[in-house]
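A.B. asks: Handing you this structure, nothing more for now.
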Amino acid sequence: MWHKISFRLLKQELKRGELTIMALAIILSVTAVLSLSLFSERLQSGLLERSSEFLAADRVLSSRRDIPQEWLDKADKEGIQSAWRVIFNSMAFANDKLELVDIKAVSDGYPLRGELKVADKPFVEGQVTNTLPPAGEAWVASSLFQALSLEMGDSIEVGNSRFKVTKVVTYEPDVGFSVFTDSPNVIIRYSQLAETGLIQPGSRVRYNVLFAGTPTQLDNYENWLLPQLNDDTHSWRSIEDGDSPLARALNRAERFMMLASLLGVVLAATAVAVAAQRYCQRNYDVVAIFKTLGAGKQQIRKIFVLHLLLLTGISVGIGILLGWLIQSYVINWVAEQLGASLPSASWRPYALAIATGLISAVMFTLYPLFRLISIPPLRVLHRQMVGVQAVRWLQWILSGGTIYGLLVLYSQQWWLSTALFVGGAFAAGILLLIGRLLIGAGRKAGMQAGSAWRLAMAGLQRRASANSVQMLSFSTAIMLLLLVIVMRNDLLADWQRQLPADAPNYFALNIAEEKVDDLRAMFAREDIEATDQYPLIPGRVTHHNGTELIDEVTKENREEVEQGDREEGFGRELSLTWRDTVPPNNEIVSGEWWGDNAEPQVSVEKQAAERLEIKVGDTLTFNIGGEVFTVPVTSLREADWGSLQPNFYMIFNTSTLADFPATYITSFHLDSERKDELYQLFRPFPEASLIDLDAIIDQIREVISQVSIAILFVLVLVMIAGALVLIAQVQASMEERQKELVILRTLGASGKLLSRSISYEFLMLGAISGLIATIAMDLSLLILQTQVFNMDATWHWRLWLVGPISGAVVVALLGRLACSRLIRRNTAQLIRKLI
Amino acid sequence: MLIQTQQLEKIVETSEGPLQILQPIDLAINAGETVAIVGASGSGKSTLLSLLAGLDIATHGDVLIENEKLSDLDEEQRAKLRADKVGFIFQSFLLVPSLSALENVMLPAELAGHKGAEKEARELLEKVGLSDRWHHYPNQLSGGEQQRVAIARAFVGQPKILFADEPTGNLDSKTGDKVEQLLFDLNKDYGTTLVMVTHDTTLAKRCQRILNMEAGQLAEASQDVA
């Protein structure tokens, strides 16, 4: 019988709209979690797929030695595509000229991700190709045409083989960001590698195998492969590793999405908590009537647990449907915007969303339900009776535990969840305290003011306990909203700063010293924006504090390294430079820049210093063209590797290196419409090599714009969640207000006075919440920016005005709206509604 | 003897010390009797009613219903007893706002697990003259109509005892008269024992016995005194 009553109550209450807020809260939490995680998962894999183009694969296995064929066969069995890419340096001859080139020998399938573009003449836009050079042919970079005075169809000699040059390679997805120190590329077929005779024991060759497949396939393969790899010889990479601007952008976006989604989940859960409380309060009378009419506790428990489960079930179902619809629309829209399709998502977001809905509905209702069931039947005669009050701490533990559980469930990161939770709980405590103090102060101020204000302040004060909880959720909602908005803006601005519209899109290197002035003049004449010109001197670091550095740790020398007789060095020649001033985008993090000091010394880039354990005060010995000298390290620098400007591990003061012969390097920005002029412009500098970064920059921009859309979507969802918390909270206080309104109305208060006092009360509540929210937001932001996003901390003074004002306006509007029906009712209607 | 009290006392703790709401009361009500408890506001009438109905627990003494001591029963057993033997009518009607008139009337029978609750409820609604309003919700009904629904609900399951707390207190006199008539008519038809709290003397006079409550003390009053 009880289940019939439960069904009937639910049906009628749903029809009459009495469960709307509770249902909406659950629907929203499910919708938010589902669409956020579906969207971020799909976008994430879409982004990864796009970004994988920068690797030309999903994963890359690199090795200094040949890679066993059985590893490729195993990948094949798993359904994973693979392709060879072998890279090494060699000299290329043509037209009696000699140039050091990077030979890239690739097999069918290359590139597995992204596209290769080729053209029929140098320095023009290329076309996508799905083929590779046929046997006996080579495709070469534009800069090699310059260096070797090539014409299309000429032959170049590489090792024992001759290759006919048939195409210009204009874009290789995997060209990387250290391009300005690399030589021009020559692409040949992997099958022809052996004929060149260039690969000999001891040759410095980088063997790469590219892999592409589904995440599951790759994970399985990874589990099989990784235990067999040798750390010294092999490296296994995906796009998320590394320090490229793209990897950093992706990591930050991922963290932002995660954090914003977490905040969204907390907001939605808060809405459920507030609504659950009200849901139970509304049923106090019903339970008292039921008990009077003979219902036992057991029966009541069954009726309301089923009622709640049914409500939750329906809401979760609607939430899932809605979340799916929203994200599929948004995904379509995003895909349209970007002209790309996004891969489908796994079952995880669905499970996560259902769990969130169920957990938050059940856990947040547990304590209110406990109180509901304990309502004494005597309430039918004494309406103020509310049953058990004693175990309030249980509610705090249950709610706190639930929110923490949801954080962990969603992020699967203990550290992040704990930090957010502990920080949040601490902030909540302080917010409650400040809120009460401010309400107290407001009451005093209100006594001096007109009657509407006085009523408003008295109302605030009277409901101080309820209000400070209400204020806590207002503050939390406003704070989280502000936080997400500000974080989004800062993140976008940061990316924009890294990649401004006039970011350098070409590197010119190999410029002769005597041509530097001409080049500078050309840039000025042609109105081309260029970075400083840096001298480039190839040299090796041979000793650190007198200890010899070796290129590579091998079986033979491992013992010496372990005993400290020798250390592992850079393993290659470095590009050295000199300067009087700290380069733009560089920052001294330790020691001091030399200024006018002419004593020989060097400044070392921080990451390189960390790898080789170099500290300020250490000495480094260099060998430049046979000349050996030792200098002290006087500073360590942090360089911005994402800035698309020349960056150097080692910078000397002028007096140390000025006498060595150098070539120069610079980067500059040339509008893409002027691309055709490039050949002409660089005619007077035939020795210069040019490297085109346009395609890479475009790709990064595209990724960033995808991420920006994603962030916007998250923002909208968080805003809806925030608004719902506000509405649920205002709704929750309606009953109390209704009673007061009846009394004030009966005593003859005018509608105008009442509506003003209500508006003022909410205005004050909103302003105080806004102020608290802003303070808390700026503090949290400080921590987030410095600890999570590795950005510089900034204060947001403008928000100190925007926060309280917008809080006041929004909360007052919502409150006023919710109360307007009450004010319009006449006294008789109000009284009747109450009894 | 249907209802009996033995030295029934109620004391509540207040900030100014214990407050005796009911002085020791000995009372006996026979099956089929109609009893009115009259007295001023705050005299303790409603407290007595809540103790007789097992909604509240006495500080001292006992209530026996059909020789069953309420103090021997736990909350669940008292609820069961109410479900089986007791019906209620309240001043503020106390209908479940989200259930229709018919569903409100069916409620006690359903809670008691009776079969055929709907048929019985429809018959009762017809008797109280609301057969055409059975699908209406409480807020769609006038005060008089709501109380008629409450009366129908009180008689569903044919309880032996009916407790009424100021049944016409919220109604205008004309509506109140109609409701009153209905209550007594049904009570006669069903042969129910009626215990009614009221300060309406006219209403009280329709009962066979009138008990006067004054400062927690109960005394039998003659029809004339009331």
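Each chain in the structure tokens gets a letter, A, B and so on, in the order shown; residues start at 1 in every chain, and ligands are counted from 1 in the order they appear.
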Show me, as a list in words, the residues that have an atom within 7 Å of Arg153 (chain B) when counting only C-alpha atoms, minus same-chain residues fewer than 6 positions from it.

C.D. replies: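 Here the qualifying residues turn out to be Asn104, Val105 and Met106 of chain B.
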
A.B. asks: Limited to C-alpha atoms, could you put the picked residues into a file as a compact mmCIF listing (two decimals), in the first residue's frame?

C.D. replies:
# COMPACT_ATOMS: atom_id res chain seq x y z
CA ASN B 104 -6.95 12.40 1.27
CA VAL B 105 -9.99 10.40 2.29
CA MET B 106 -8.40 7.13 1.17

A.B. asks: Counting only C-alpha atoms, collect the residues of chain B whose closest atom lies at most 7 Å from chain A, and write them out as a PyMOL selection string.

C.D. replies: chain B and resi 55-56+76+79-80+82-83+92+94+96+98-99+108+110-111+113

A.B. asks: Create the file for the chosen residues now, containing N, CA and C atoms and written as a JSON list (two decimals), in the first residue's frame.

C.D. replies:
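Once written, again-v4.json looks like this:
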[["chain", "number", "residue", "atom", "x", "y", "z"],
["B", 55, "LEU", "N", -1.23, 10.87, 20.87],
["B", 55, "LEU", "CA", -0.29, 11.70, 20.11],
["B", 55, "LEU", "C", 0.83, 12.16, 21.03],
["B", 56, "ASP", "N", 0.56, 12.24, 22.30],
["B", 56, "ASP", "CA", 1.54, 12.72, 23.27],
["B", 56, "ASP", "C", 1.57, 11.72, 24.44],
["B", 76, "GLU", "N", 5.25, 3.07, 17.63],
["B", 76, "GLU", "CA", 4.73, 2.29, 16.51],
["B", 76, "GLU", "C", 3.38, 1.67, 16.85],
["B", 79, "ALA", "N", 0.69, 4.18, 16.96],
["B", 79, "ALA", "CA", 0.28, 4.53, 15.60],
["B", 79, "ALA", "C", -0.67, 3.47, 15.06],
["B", 80, "LYS", "N", -0.35, 2.21, 15.33],
["B", 80, "LYS", "CA", -1.18, 1.09, 14.86],
["B", 80, "LYS", "C", -2.59, 1.19, 15.48],
["B", 82, "ARG", "N", -4.03, 3.91, 16.54],
["B", 82, "ARG", "CA", -4.75, 5.02, 15.90],
["B", 82, "ARG", "C", -5.31, 4.58, 14.55],
["B", 83, "ALA", "N", -4.44, 3.85, 13.81],
["B", 83, "ALA", "CA", -4.86, 3.42, 12.47],
["B", 83, "ALA", "C", -6.10, 2.52, 12.56],
["B", 92, "SER", "N", -7.77, 23.17, 11.72],
["B", 92, "SER", "CA", -7.18, 23.65, 10.46],
["B", 92, "SER", "C", -7.21, 22.55, 9.39],
["B", 94, "LEU", "N", -6.07, 20.12, 8.18],
["B", 94, "LEU", "CA", -4.90, 19.25, 8.03],
["B", 94, "LEU", "C", -5.07, 18.19, 6.93],
["B", 96, "VAL", "N", -3.65, 16.75, 3.31],
["B", 96, "VAL", "CA", -2.34, 16.75, 2.63],
["B", 96, "VAL", "C", -2.49, 17.56, 1.34],
["B", 98, "SER", "N", -0.90, 18.06, -1.31],
["B", 98, "SER", "CA", -0.59, 17.57, -2.66],
["B", 98, "SER", "C", -1.46, 16.38, -3.06],
["B", 99, "LEU", "N", -2.41, 16.00, -2.20],
["B", 99, "LEU", "CA", -3.30, 14.90, -2.57],
["B", 99, "LEU", "C", -4.71, 15.45, -2.83],
["B", 108, "PRO", "N", -6.09, 7.18, 5.37],
["B", 108, "PRO", "CA", -6.02, 6.35, 6.58],
["B", 108, "PRO", "C", -6.24, 4.88, 6.28],
["B", 110, "GLU", "N", -5.61, 3.34, 3.52],
["B", 110, "GLU", "CA", -4.43, 2.80, 2.84],
["B", 110, "GLU", "C", -3.29, 2.58, 3.82],
["B", 111, "LEU", "N", -3.11, 3.55, 4.72],
["B", 111, "LEU", "CA", -2.03, 3.40, 5.70],
["B", 111, "LEU", "C", -2.28, 2.17, 6.57],
["B", 113, "GLY", "N", -3.70, -0.42, 5.53],
["B", 113, "GLY", "CA", -3.60, -1.59, 4.66],
["B", 113, "GLY", "C", -4.96, -2.18, 4.31]]

A.B. asks: Record the distance separating CA of Ile430 (chain A) and CA of Ser769 (chain A), expressed in Å with one decimal.

C.D. replies: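 Interatomic distance here is 12.4 Å.
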
A.B. asks: Can you measure CA of Asp62 (chain B) to CA of Thr5 (chain B) for me? One decimal in Å is fine.

C.D. replies: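 Spanning CA of Asp62 (chain B) to CA of Thr5 (chain B) is a straight-line distance of 5.6 Å.
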
A.B. asks: List as a list in words the protein and nucleic acid residues near Ser100 (chain B), meaning an atom at most 8 Å away when only C-alpha atoms are counted, but skip any in the same chain fewer than 4 places from it.

C.D. replies: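 Listed by chain and then number, they are Asn104, Trp134, His135, His136, Tyr137 and Pro138 of chain B.
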